[in-house]
Amino acid sequence: MHPTEAPAAERSRRAGPLAVLCLSAFGLGLSPIMPGTVGSLGTAALLFFAPTGLVAYVGLTIACLVFGTWATLAFAGHLGPEGGEGKHGDPGWVVSDEVAGQALASLGTLPWFGDWRHALIAFVAFRVFDMTKVSIVGKAERLPGAVGVLMDDVAAGALAAAVTLLLGFSGWLP
């Protein structure tokens, strides 16, 4: 059996516990049901409920974006040339890229800091763009290796932030 044909669990064991912890966003990606959505929801909830002020929110959002980017780029190479069984080498349990994308999407809620409706729009828009791979999201996913794993979520997060800002400033959301 070629090393890239090994089951995802075997490759994750070879990657080491720190890599698994970081790539799975502290275990969120190990959810047996919709791990990408669980990782995104965990990030959105952390960003919505944890901060006590705008400065803390921005700091935490940037920390999530940096963490997700760092974890994906630093550790995804440990999974082998193909990355895993997931689509385009993006195994389902790797959600550090969703952490980065959801954090970027959440930046679109800044003008309405603390409003759950804008946070919900950012979350839903991010998941829709991430799952459908429309426009630049699909193109970004085709980039090689860990960059492609990460950049589709960054593109989806940027589009979700734009949608959130557009809906908020257009008056569709109070």
# chains A, B, ... in the order shown; residues from 1 in each chain; ligands from 1
call {"tool": "closest_atom_pairs", "arguments": {"of": "range 54-165 of chain A", "to": "range 35-39 of chain A", "cutoff": "9 Å", "atoms": "only C-alpha atoms", "output": "CSV"}}
result
residue,atom,partner,partner_atom,distance
A:Gly92,CA,A:Pro35,CA,6.2
A:Trp93,CA,A:Pro35,CA,6.0
A:Val94,CA,A:Gly36,CA,7.9
A:Val95,CA,A:Gly36,CA,5.7
A:Ser96,CA,A:Gly39,CA,7.8
A:Asp97,CA,A:Gly36,CA,9.0
A:Glu98,CA,A:Gly39,CA,6.3
A:Val99,CA,A:Gly39,CA,6.4
A:Gln102,CA,A:Gly39,CA,8.8
A:Arg127,CA,A:Thr37,CA,7.0
call {"tool": "select_by_dssp", "arguments": {"residues": "range 83-146 of chain A", "states": "alpha helix (DSSP H)", "output": "PyMOL selection string"}}
result
chain A and resi 96-106+116-132+136-141+145-146
call {"tool": "residues_around", "arguments": {"residues": "Thr164 in chain A", "least_positions_apart": "3", "cutoff": "7 Å", "atoms": "only C-alpha atoms", "output": "list in words"}}
result
Gly108, Thr109, His118, Ile121, Ala122, Ala160, Ala161, Leu167 and Gly168 of chain A
call {"tool": "residues_around", "arguments": {"residues": "Leu54 in chain A", "least_positions_apart": "6", "cutoff": "9 Å", "atoms": "only C-alpha atoms", "output": "mmCIF file with C-alpha atoms, in the first residue's frame"}}
result
data_model
loop_
_atom_site.group_PDB
_atom_site.id
_atom_site.type_symbol
_atom_site.label_atom_id
_atom_site.label_comp_id
_atom_site.auth_asym_id
_atom_site.auth_seq_id
_atom_site.Cartn_x
_atom_site.Cartn_y
_atom_site.Cartn_z
ATOM 1 C CA LEU A 110 -17.885 44.575 13.113
ATOM 2 C CA PHE A 113 -20.809 44.238 17.068
ATOM 3 C CA GLY A 114 -22.803 41.895 19.296
#
call {"tool": "residues_around", "arguments": {"residues": "Thr61 in chain A", "least_positions_apart": "5", "cutoff": "10 Å", "atoms": "only C-alpha atoms", "output": "PyMOL selection string"}}
result
chain A and resi 43-44+46-48+51+55-56+66-67+99-100+102-107
call {"tool": "atom_distance", "arguments": {"atom1": "CA of Ala71 in chain A", "atom2": "CA of Leu23 in chain A"}}
result
5.8 Å
